[in-house]
Amino acid sequence: MLLRFAAENILSFKDAVEFNTFPSSKSHSHDWHKVKCGHVTALRMSAVYGANGAGKSNLLRCIYLLKQMMLEEKLGDVYFADDLFFKFDAESRMKPSELAIEFFVNESIYYYHIVFTRTQIEQEELYLCEKKDDIPLFVRKGNEISLSPSEISEEDNKTFSDVLTRIVRPDMLLLAFFGKYYPQEFPPIAEAYRWLIDLQVVLPDMKMGYISHYMDSDAEFKDYINSVFPKFQTGIYRLDVKKEVVDIEDAKGDPGLSRAIEAARENPGEPVMFQKNMYSYLSNIVCENDTIFLKSIVTVHRTRDGKDIEMQVMDESDGTRRLIEYLPLLYWILKESRIFIVDEIERSIHPIMIKTIMSRISENTSAKGQIIFTTHESCLLDQSIFRPDEIWFAQKDVEQATQLYPLSDYNVHKTANIENGYLHGRYGAIPFLSNLSDLNW
């Protein structure tokens, strides 16, 4: 479970701004949304609202950046579209950026904090958070690195720290270094690393590209998909997987397919995303029993006379494709302790559809996962779906810096129509337009 996340001097965040999933003492509905996480309690749903340009997507981009930094290990390998610092303040240009995250996994709470520029790590620390004390697993300040006595004996600490100082360059993340190369020697550190790289962050231009493999390899998942999807009334009767053996000789003329095959051979049983061209939907290349398979989803429509008609996914509407991509999200949130962080969750989907999906997650008292998303869809501002402390707002101040605050900061009666209140500006975080009559509208 993600407990809280903070960002400072990065993108639209100037001073430290925190988002958290802790329940408010003012909110008392939907008790089943609360999850015990060691000595604290967290909420399993959060929706973030705000006007265009308010910075709500930047919150998710910062979380995704932290994950990318873990995956790449070195800052030089991470793609930065621009300088990260807050650009509307002269002093901020001279300061590093900061990110911090607190999370719960396997009965432990971890806190990770990093201070960095585009070229080097200035500070990095990982703590194990217990009820009374925070235990440092490692602390890094400049070139100095120290490990917790619980991780390594005091006698060896100085020697090993000196070695680390020479091995771990200023542009390398210590958490990624331990997680990749010393997972057996430092289990708690490796656990924190795995949690971060397994975090599912879905930005608007991303796709959940392994559905065909999951449907082919997991009968329960496929049955669930085909029990739920027809209820969306898109005209699709069911989803099937087309599984074909790849001719290796034919693949030699396709560089993209050849790379996918090579990657699949390196990790047998693991799917590799493959898109034949811009007009085709994502497929999976998988190596199973030394055979390379191409797995693709097809949609099946049923005519009035009972005849099944197969169609390519790309022939379906953008909204239908988006619904297909959300099916694993819905399944795993209900079945497993996974975390999904989704930007613009309502994109291309009818309001009734997205409200149905969120209601299904909200009403399920046995759901195990957590979902955090940004949205403009006001129909989700419904107290039958969300608690007030699960609704957050993003708004820029006079310095053009993003501020975050929950609906529970307001005195909201349990019968209040929060959608109407939001659209009328009661909680802020909406666009303020100029007088359109001045533009002859």
# chains A, B, ... in the order shown; residues from 1 in each chain; ligands from 1

$ residues_around --residues "Cys62 in chain A" --least-positions-apart "2" --cutoff "10 Å" --atoms "only C-alpha atoms" --output "list in words"
Phe5, Ala6, Ala7, Ile10, Leu11, Phe13, Ser57, Asn58, Leu59, Leu60, Tyr64, Leu65, Leu66, Lys67, Gln68, Leu84, Glu98, Leu99 and Ala100 of chain A

$ write_last_selection --atoms "C-alpha atoms" --output "PDB file, in the first residue's frame"
ATOM      1  CA  PHE A   5       4.335  10.659  -1.351  1.00  0.00           C
ATOM      2  CA  ALA A   6       6.047  14.047  -1.249  1.00  0.00           C
ATOM      3  CA  ALA A   7       7.725  16.193  -3.894  1.00  0.00           C
ATOM      4  CA  ILE A  10      10.262  19.439  -9.202  1.00  0.00           C
ATOM      5  CA  LEU A  11       7.919  20.148 -12.119  1.00  0.00           C
ATOM      6  CA  PHE A  13       5.914  21.592  -7.063  1.00  0.00           C
ATOM      7  CA  SER A  57      -0.686  14.703 -13.488  1.00  0.00           C
ATOM      8  CA  ASN A  58       2.690  15.917 -12.227  1.00  0.00           C
ATOM      9  CA  LEU A  59       2.053  14.053  -8.995  1.00  0.00           C
ATOM     10  CA  LEU A  60       1.821  10.802 -10.960  1.00  0.00           C
ATOM     11  CA  TYR A  64       6.677   7.261 -12.274  1.00  0.00           C
ATOM     12  CA  LEU A  65      10.024   9.088 -12.401  1.00  0.00           C
ATOM     13  CA  LEU A  66      11.019   7.506  -9.098  1.00  0.00           C
ATOM     14  CA  LYS A  67      10.203   4.076 -10.510  1.00  0.00           C
ATOM     15  CA  GLN A  68      12.180   4.793 -13.697  1.00  0.00           C
ATOM     16  CA  LEU A  84      13.230  19.209 -13.272  1.00  0.00           C
ATOM     17  CA  GLU A  98      13.456  15.957  -3.744  1.00  0.00           C
ATOM     18  CA  LEU A  99      11.127  12.963  -3.748  1.00  0.00           C
ATOM     19  CA  ALA A 100       9.991  10.875  -0.787  1.00  0.00           C
TER      20      ALA A 100
END

$ residues_around --residues "Pro187 in chain A" --least-positions-apart "2" --cutoff "12 Å" --atoms "only C-alpha atoms" --output "count of residues only"
20

$ atom_distance --atom1 "CA of Phe80 in chain A" --atom2 "CA of Lys14 in chain A"
18.1 Å

$ closest_residue --among "A:Val163, A:Met172, A:Met353, A:Ala90" --to "Gly319 in chain A" --atoms "only C-alpha atoms"
A:Met353

$ residues_around --residues "range 208-221 of chain A" --least-positions-apart "2" --cutoff "7 Å" --atoms "only C-alpha atoms" --output "ChimeraX atom specification"
/A:206,223-225,241,271,273,282-284,295-297,325

$ closest_residue --among "A:Ser108, A:Ser348, A:Ser359, A:Ser46" --to "Asp134 in chain A" --atoms "only C-alpha atoms"
A:Ser108

$ select_by_dssp --residues "range 95-240 of chain A" --states "strand (DSSP E)" --output "PyMOL selection string"
chain A and resi 97-105+108-116+121-129+134-141+144-147+200-202+238-240

$ residues_around --residues "Asp171 in chain A" --least-positions-apart "4" --cutoff "10 Å" --atoms "only C-alpha atoms" --output "PyMOL selection string"
chain A and resi 73-77+116-122

$ write_last_selection --atoms "C-alpha atoms" --output "PDB file, in the first residue's frame"
ATOM      1  CA  GLU A  73      19.899   2.594 -11.846  1.00  0.00           C
ATOM      2  CA  LYS A  74      21.906   5.529 -13.258  1.00  0.00           C
ATOM      3  CA  LEU A  75      20.516   9.047 -13.660  1.00  0.00           C
ATOM      4  CA  GLY A  76      22.232   9.337 -17.027  1.00  0.00           C
ATOM      5  CA  ASP A  77      20.057   6.525 -18.375  1.00  0.00           C
ATOM      6  CA  PHE A 116      19.055  14.804  -6.653  1.00  0.00           C
ATOM      7  CA  THR A 117      19.827  16.803  -9.764  1.00  0.00           C
ATOM      8  CA  ARG A 118      19.890  15.557 -13.338  1.00  0.00           C
ATOM      9  CA  THR A 119      23.475  14.393 -12.890  1.00  0.00           C
ATOM     10  CA  GLN A 120      23.991  13.262  -9.299  1.00  0.00           C
ATOM     11  CA  ILE A 121      22.473  12.006  -6.072  1.00  0.00           C
ATOM     12  CA  GLU A 122      23.092  14.440  -3.236  1.00  0.00           C
TER      13      GLU A 122
END

$ closest_residue --among "A:Lys56, A:Lys252, A:Arg265, A:Arg304" --to "Ser12 in chain A" --atoms "only C-alpha atoms"
A:Lys56

$ select_by_dssp --residues "range 15-73 of chain A" --states "alpha helix (DSSP H)" --output "JSON, numbers by chain"
{"A": [56, 57, 58, 59, 60, 61, 62, 63, 64, 65, 66, 67, 68, 69, 70, 71, 72]}

$ atom_distance --atom1 "CA of Val228 in chain A" --atom2 "CA of Asp315 in chain A"
20.6 Å

$ residues_around --residues "Gly369 in chain A" --least-positions-apart "3" --cutoff "6 Å" --atoms "only C-alpha atoms" --output "ChimeraX atom specification"
/A:333,336-339

$ residues_around --residues "Met314 in chain A" --least-positions-apart "4" --cutoff "9 Å" --atoms "only C-alpha atoms" --output "JSON, numbers by chain"
{"A": [279, 280, 281, 318, 321]}

$ closest_residue --among "A:Lys141, A:Lys276, A:Arg238, A:Lys243" --to "His301 in chain A" --atoms "only C-alpha atoms"
A:Arg238

$ residues_around --residues "Gly256 in chain A" --least-positions-apart "2" --cutoff "8 Å" --atoms "only C-alpha atoms" --output "PyMOL selection string"
chain A and resi 254+258-260+274+276

$ write_last_selection --atoms "C-alpha atoms" --output "PDB file, in the first residue's frame"
ATOM      1  CA  ASP A 254      11.623  -7.907 -39.104  1.00  0.00           C
ATOM      2  CA  SER A 258      13.653 -10.304 -33.884  1.00  0.00           C
ATOM      3  CA  ARG A 259      14.403  -8.150 -30.828  1.00  0.00           C
ATOM      4  CA  ALA A 260      11.194  -9.305 -29.166  1.00  0.00           C
ATOM      5  CA  PHE A 274       5.208  -6.471 -29.684  1.00  0.00           C
ATOM      6  CA  LYS A 276       3.596  -5.099 -35.710  1.00  0.00           C
TER       7      LYS A 276
END

$ atom_distance --atom1 "CA of Asp290 in chain A" --atom2 "CA of Val272 in chain A"
15.1 Å

$ closest_residue --among "A:Asn420, A:Gln123, A:Thr365, A:Gln383" --to "Leu334 in chain A" --atoms "only C-alpha atoms"
A:Thr365

$ closest_residue --among "A:Glu419, A:Asp343, A:Asp389, A:Asp83" --to "Lys26 in chain A" --atoms "only C-alpha atoms"
A:Asp389
